[in-house]
Amino acid sequence: MPGSFDNVVLQYQHPYIATYLEDNTIYTDTDEVSVPTPSFNGIQVGFFGAGRDNVILYSTNTDMFIEEYGEPNYKLYGQAAYNAVAALNTNQCGMYTLRLLPDDATYANCVVMVDWKVETPEEGDDPKPQLYIKFRKANVTGAKSTAELKTAIAAMYGTELDDEGYNSAPLISFWQLGRGKYGNATRLNFTDPMDYDSEGNTYRYYQIQVMEYAKTGLTTKERISGCLQDGILDHSNSNNPSMFMEDLINDPELGSKKINVMVHSDTYEEIYAAYQSAVENYTEQEAGAILNEDTLDIITGLLMDGTENPVINLVDNSAEADYLNPISVDGFAMAGGTDGTFDTGDATTVEALKTELLIKAFQGSIDRKLTSRFGTPADFCMDANFPEEVKREMGGFAAKREYDAMTYIDTGLLTSSSEICNFLEGMKSVTAYNLVKECGTYKYRDADYTGKIVQMSITHWLCKALPTHISIESYTTPFAREDARLIAGTDFVAGTFMPQINPDDNDVKKQIFKFGGNCYETVRNGVVQRSTGITTCTTNSDRKLEFNEYILHRAVKIAYDILNSKLYKIGEEADRLQYQTHAEKEISYQLSAYLRSVTVEFVMTAKDEQRSIMRLRMRLVFKTVITRGILEIYLDPRTGTVTDTNTTATSATAV
């Protein structure tokens, strides 16, 4: 039987032993294993230290979030990042996040400029023309959009030769995917990934390294290999056969999550034309080794066998102020990134602008996906100690997304019961079936990121407690009372939860409940519980209970998906009965644990028949939830008999 390696060609001439192994024990699972996407998801809008701005992104774990947005820092960016991290740390939740920046924020960028000329050196016995190359750096300042950035780069092309006879033009331009000053800390370099002993290399490629400073020093965040020449394909890569660096880095799915790039192919072609003019003076044998556009290396000046290209002269211009070494170990830096008015405005201006941006975000003016249950299919959305105007807009946001995204607004950092009651009274008109108001604040020890003790609103705790509760109890148990407790030392710094409300402070709790707020009461030293779980629903219906609304949202989604799958299907009576059987099984399977009963019916009236309308009629009956209790105590006489039960009942006293 012939072997699998009978036709192997050895790479080296010196004595050595090559080892090849074929593993015939490999098997393929019939069921492909994939990383699950969380079924419970949240939304957090706010201000973060880094990352793509004014666009919604999705994270399934804390590392993804921090890799994009940087570590939370309360002093610089507020509470929002802490909320997102708290939710993601549960490993039971995904998060849609939106980083906000003003319109005048700018992109950090770096333009690799190349100067070149063909000249014959004066020294040597038989001097031949050489291609002289030197690299410089340039940056665009004030680029608020990629269009502005590209316009400024286009103006960098030199129209005349300089005093030394060099042409000048941009070769490759880099910029951060997100605007902001954080990008100025990014460094880039070209590395040489070529295996010069390999006989299979047919084109010249480089590896771009994206580096950032961390606590441990300069760390590499990404490595992407590609070539500067457009049109080279590698069909061994099934996802993206193009090896052009611009295609690879800018690929929206598989490319960089940090930078975008523009390779100036016209510059590359001009340099290659100049290179050709120099090569004409070399022998045919020499030209055969060096005249190949696919293998031309203008970054390191090497041939495909690793030796120096005799035609290329990389000029040492390190004494110049704009010197750039593309292969420097510590890379070359981006510059020009700013946070706009956030950097230059006074405190009042900045806070007003932040409020304006938050309002626009919840209106859907910044990224429309935020107001769409299809664009951002989420179960909850959290306030993060936002101003009152923003909280009011969040009420409008909740109304737009009535059948998903339970929206939680907090009472900020208010510490007294009277302040909270006054605040809730002022917000009493802000209501929605899926809007929830939460009362409380505490100090939190940020041991992971800044080492500071910071003041948090109650939504920070909700971000971690709610996904954890749902992962354990699903919707079988409401999120309240002993199932929703904060513990001192774990959830908050002991003695800092405010306001302190006792379980028998009924007058205070009455006011909070009246205005649709969820009260947090201190049940014993160091233990605080969410005493209610209600929405701001203004009617005394079952939808007043928060967890009933979660069940309704799930029912709506299931029913919508079922009905949507029937559009443009046949709708005869026999078909409808078949659809109904399937729908009853599906809905009952997913919802029976949470409801007393559920029935499904597909209906078409005579008028519906004419208009080709089919209705999915679903009836839900919620389970009874105990929200109040009566403790009955009877002091019976020592004789063991009760002589007047009526008198005993009517004279009972509530305690």
# chains A, B, ... in the order shown; residues from 1 in each chain; ligands from 1
>>> residues_around(residues="Ala583 of chain A", least_positions_apart="5", cutoff="10 Å", atoms="only C-alpha atoms", output="list in words")
Ile558, Ala559, Ile562, Leu563, Leu577, Gln578, Ser588, Tyr589, Thr599, Val600, Glu601, Phe602, Leu616 and Met618 of chain A
>>> closest_atom_pairs(of="segment 245-343 of chain A", to="segment 107-121 of chain A", cutoff="8 Å", atoms="only C-alpha atoms", output="tab-separated table")
residue	atom	partner	partner_atom	distance
A:Ile271	CA	A:Trp116	CA	7.2
A:Ala274	CA	A:Val118	CA	6.5
A:Tyr275	CA	A:Val118	CA	7.5
A:Ser277	CA	A:Val118	CA	8.0
A:Ala278	CA	A:Val118	CA	6.5
A:Leu324	CA	A:Val112	CA	7.6
A:Ala333	CA	A:Cys110	CA	7.1
A:Met334	CA	A:Asn109	CA	4.8
A:Ala335	CA	A:Ala108	CA	4.8
A:Gly336	CA	A:Ala108	CA	4.6
A:Gly337	CA	A:Ala108	CA	3.7
A:Thr338	CA	A:Tyr107	CA	6.9
>>> residues_around(residues="Gly78 of chain A", least_positions_apart="4", cutoff="10 Å", atoms="only C-alpha atoms", output="ChimeraX atom specification")
/A:46-48,72-74,82-83,384-386,454-456
>>> write_last_selection(atoms="N, CA and C atoms", output="PDB file, in the first residue's frame")
ATOM      1  N   GLY A  46     -23.654  54.837  27.051  1.00  0.00           N
ATOM      2  CA  GLY A  46     -22.861  55.651  27.960  1.00  0.00           C
ATOM      3  C   GLY A  46     -21.569  56.129  27.363  1.00  0.00           C
ATOM      4  N   PHE A  47     -20.637  56.463  28.243  1.00  0.00           N
ATOM      5  CA  PHE A  47     -19.356  57.039  27.864  1.00  0.00           C
ATOM      6  C   PHE A  47     -18.247  56.110  28.349  1.00  0.00           C
ATOM      7  N   PHE A  48     -17.439  55.649  27.400  1.00  0.00           N
ATOM      8  CA  PHE A  48     -16.381  54.684  27.691  1.00  0.00           C
ATOM      9  C   PHE A  48     -15.039  55.264  27.255  1.00  0.00           C
ATOM     10  N   PRO A  72     -13.176  50.108  32.906  1.00  0.00           N
ATOM     11  CA  PRO A  72     -14.022  51.154  33.507  1.00  0.00           C
ATOM     12  C   PRO A  72     -13.207  52.116  34.365  1.00  0.00           C
ATOM     13  N   ASN A  73     -13.619  53.363  34.366  1.00  0.00           N
ATOM     14  CA  ASN A  73     -13.007  54.376  35.224  1.00  0.00           C
ATOM     15  C   ASN A  73     -14.099  55.376  35.586  1.00  0.00           C
ATOM     16  N   TYR A  74     -14.597  55.254  36.806  1.00  0.00           N
ATOM     17  CA  TYR A  74     -15.764  56.044  37.211  1.00  0.00           C
ATOM     18  C   TYR A  74     -15.495  57.542  37.131  1.00  0.00           C
ATOM     19  N   TYR A  82     -19.247  50.188  34.221  1.00  0.00           N
ATOM     20  CA  TYR A  82     -19.368  49.277  35.356  1.00  0.00           C
ATOM     21  C   TYR A  82     -20.640  48.438  35.235  1.00  0.00           C
ATOM     22  N   ASN A  83     -21.714  49.056  34.768  1.00  0.00           N
ATOM     23  CA  ASN A  83     -22.954  48.302  34.548  1.00  0.00           C
ATOM     24  C   ASN A  83     -22.730  47.171  33.559  1.00  0.00           C
ATOM     25  N   ALA A 384     -27.859  54.691  34.142  1.00  0.00           N
ATOM     26  CA  ALA A 384     -26.570  54.654  34.850  1.00  0.00           C
ATOM     27  C   ALA A 384     -26.337  56.008  35.500  1.00  0.00           C
ATOM     28  N   ASN A 385     -27.278  56.395  36.376  1.00  0.00           N
ATOM     29  CA  ASN A 385     -27.216  57.684  37.051  1.00  0.00           C
ATOM     30  C   ASN A 385     -27.236  58.821  36.019  1.00  0.00           C
ATOM     31  N   PHE A 386     -28.096  58.667  35.008  1.00  0.00           N
ATOM     32  CA  PHE A 386     -28.221  59.699  33.980  1.00  0.00           C
ATOM     33  C   PHE A 386     -29.070  60.863  34.503  1.00  0.00           C
ATOM     34  N   VAL A 454     -16.411  54.055  44.927  1.00  0.00           N
ATOM     35  CA  VAL A 454     -17.210  54.980  44.122  1.00  0.00           C
ATOM     36  C   VAL A 454     -18.689  54.817  44.457  1.00  0.00           C
ATOM     37  N   GLN A 455     -19.427  55.891  44.239  1.00  0.00           N
ATOM     38  CA  GLN A 455     -20.864  55.891  44.521  1.00  0.00           C
ATOM     39  C   GLN A 455     -21.621  55.396  43.295  1.00  0.00           C
ATOM     40  N   MET A 456     -22.447  54.375  43.484  1.00  0.00           N
ATOM     41  CA  MET A 456     -23.201  53.780  42.384  1.00  0.00           C
ATOM     42  C   MET A 456     -24.698  53.956  42.599  1.00  0.00           C
TER      43      MET A 456
END
>>> closest_residue(among="A:Thr355, A:Asn167, A:Ser531, A:Ser592", to="Val45 of chain A", atoms="only C-alpha atoms")
A:Thr355
>>> atom_distance(atom1="atom CA of Asp448 of chain A", atom2="atom CA of Cys93 of chain A")
19.8 Å
>>> closest_residue(among="A:Ala50, A:Ile133, A:Leu98, A:Val523", to="Leu76 of chain A", atoms="only C-alpha atoms")
A:Ala50
>>> closest_residue(among="A:Arg628, A:His264, A:Lys437, A:Lys134", to="Ser457 of chain A", atoms="only C-alpha atoms")
A:Lys437
>>> residues_around(residues="Ser365 of chain A", least_positions_apart="5", cutoff="12 Å", atoms="only C-alpha atoms", output="list of chain:residue names")
A:Asn54, A:Val55, A:Leu100, A:Glu356, A:Leu357, A:Leu358, A:Ile359, A:Lys360, A:Leu370, A:Thr371, A:Phe397
>>> write_last_selection(atoms="N, CA and C atoms", output="PDB file, in the first residue's frame")
ATOM      1  N   ASN A  54     -20.502  55.853  18.620  1.00  0.00           N
ATOM      2  CA  ASN A  54     -21.789  56.140  17.984  1.00  0.00           C
ATOM      3  C   ASN A  54     -22.302  54.992  17.125  1.00  0.00           C
ATOM      4  N   VAL A  55     -21.915  53.769  17.465  1.00  0.00           N
ATOM      5  CA  VAL A  55     -22.407  52.579  16.781  1.00  0.00           C
ATOM      6  C   VAL A  55     -22.589  51.480  17.823  1.00  0.00           C
ATOM      7  N   LEU A 100     -20.795  56.945  23.286  1.00  0.00           N
ATOM      8  CA  LEU A 100     -21.175  58.240  22.734  1.00  0.00           C
ATOM      9  C   LEU A 100     -19.993  59.202  22.726  1.00  0.00           C
ATOM     10  N   GLU A 356     -27.315  65.846  26.108  1.00  0.00           N
ATOM     11  CA  GLU A 356     -27.856  65.935  24.742  1.00  0.00           C
ATOM     12  C   GLU A 356     -27.588  64.653  23.949  1.00  0.00           C
ATOM     13  N   LEU A 357     -26.389  64.118  24.077  1.00  0.00           N
ATOM     14  CA  LEU A 357     -26.039  62.897  23.350  1.00  0.00           C
ATOM     15  C   LEU A 357     -26.850  61.703  23.844  1.00  0.00           C
ATOM     16  N   LEU A 358     -27.045  61.602  25.154  1.00  0.00           N
ATOM     17  CA  LEU A 358     -27.838  60.507  25.705  1.00  0.00           C
ATOM     18  C   LEU A 358     -29.280  60.576  25.224  1.00  0.00           C
ATOM     19  N   ILE A 359     -29.835  61.775  25.200  1.00  0.00           N
ATOM     20  CA  ILE A 359     -31.214  61.943  24.715  1.00  0.00           C
ATOM     21  C   ILE A 359     -31.314  61.537  23.250  1.00  0.00           C
ATOM     22  N   LYS A 360     -30.359  61.989  22.444  1.00  0.00           N
ATOM     23  CA  LYS A 360     -30.364  61.617  21.023  1.00  0.00           C
ATOM     24  C   LYS A 360     -30.236  60.102  20.851  1.00  0.00           C
ATOM     25  N   LEU A 370     -30.915  51.071  18.090  1.00  0.00           N
ATOM     26  CA  LEU A 370     -31.204  51.104  19.514  1.00  0.00           C
ATOM     27  C   LEU A 370     -32.708  51.064  19.788  1.00  0.00           C
ATOM     28  N   THR A 371     -33.510  51.614  18.911  1.00  0.00           N
ATOM     29  CA  THR A 371     -34.953  51.639  19.134  1.00  0.00           C
ATOM     30  C   THR A 371     -35.666  50.481  18.442  1.00  0.00           C
ATOM     31  N   PHE A 397     -38.341  55.779  25.138  1.00  0.00           N
ATOM     32  CA  PHE A 397     -37.673  54.628  24.527  1.00  0.00           C
ATOM     33  C   PHE A 397     -38.386  53.332  24.901  1.00  0.00           C
TER      34      PHE A 397
END
>>> closest_residue(among="A:Glu546, A:Glu280, A:Glu473, A:Asp561", to="Ala405 of chain A", atoms="only C-alpha atoms")
A:Glu546
>>> closest_residue(among="A:Ala152, A:Ile512, A:Met498, A:Leu233", to="Gly526 of chain A", atoms="only C-alpha atoms")
A:Met498
>>> residues_around(residues="Arg543 of chain A", least_positions_apart="4", cutoff="10 Å", atoms="only C-alpha atoms", output="MDAnalysis selection string")
chainID A and resid 433:434 534:539 547:552 622
>>> closest_atom_pairs(of="segment 205-253 of chain A", to="segment 289-299 of chain A", cutoff="9 Å", atoms="only C-alpha atoms", output="CSV")
residue,atom,partner,partner_atom,distance
A:Tyr205,CA,A:Thr295,CA,8.3
A:Tyr206,CA,A:Ile299,CA,8.8
A:Cys227,CA,A:Asp294,CA,8.9
A:Gln229,CA,A:Asp294,CA,7.1
A:Ile232,CA,A:Asp294,CA,7.8
>>> residues_around(residues="Gln207 of chain A", least_positions_apart="5", cutoff="6 Å", atoms="only C-alpha atoms", output="ChimeraX atom specification")
/A:190-191,224-225
>>> write_last_selection(atoms="N, CA and C atoms", output="PDB file, in the first residue's frame")
ATOM      1  N   PHE A 190       5.457  47.073  10.947  1.00  0.00           N
ATOM      2  CA  PHE A 190       5.524  45.995   9.965  1.00  0.00           C
ATOM      3  C   PHE A 190       6.514  44.957  10.494  1.00  0.00           C
ATOM      4  N   THR A 191       6.136  43.711  10.475  1.00  0.00           N
ATOM      5  CA  THR A 191       7.096  42.654  10.792  1.00  0.00           C
ATOM      6  C   THR A 191       7.249  41.757   9.569  1.00  0.00           C
ATOM      7  N   ILE A 224      -2.126  41.000  11.583  1.00  0.00           N
ATOM      8  CA  ILE A 224      -2.801  40.703  10.320  1.00  0.00           C
ATOM      9  C   ILE A 224      -1.767  40.766   9.207  1.00  0.00           C
ATOM     10  N   SER A 225      -1.663  39.680   8.421  1.00  0.00           N
ATOM     11  CA  SER A 225      -0.674  39.600   7.344  1.00  0.00           C
ATOM     12  C   SER A 225      -1.332  39.882   6.002  1.00  0.00           C
TER      13      SER A 225
END
>>> closest_residue(among="A:Val603, A:Ala86, A:Met156, A:Val436", to="Gly395 of chain A", atoms="only C-alpha atoms")
A:Val436
>>> atom_distance(atom1="atom CA of Gly516 of chain A", atom2="atom CA of Met427 of chain A")
9.4 Å
>>> residues_around(residues="Glu253 of chain A", least_positions_apart="6", cutoff="12 Å", atoms="only C-alpha atoms", output="PyMOL selection string")
chain A and resi 239-240+247
>>> atom_distance(atom1="atom CA of Thr477 of chain A", atom2="atom CA of Asp542 of chain A")
14.9 Å
>>> select_by_dssp(residues="segment 149-363 of chain A", states="strand (DSSP E)", output="MDAnalysis selection string")
chainID A and resid 167:176 187:191 206:214 217:226 259:263 312:314 332:333
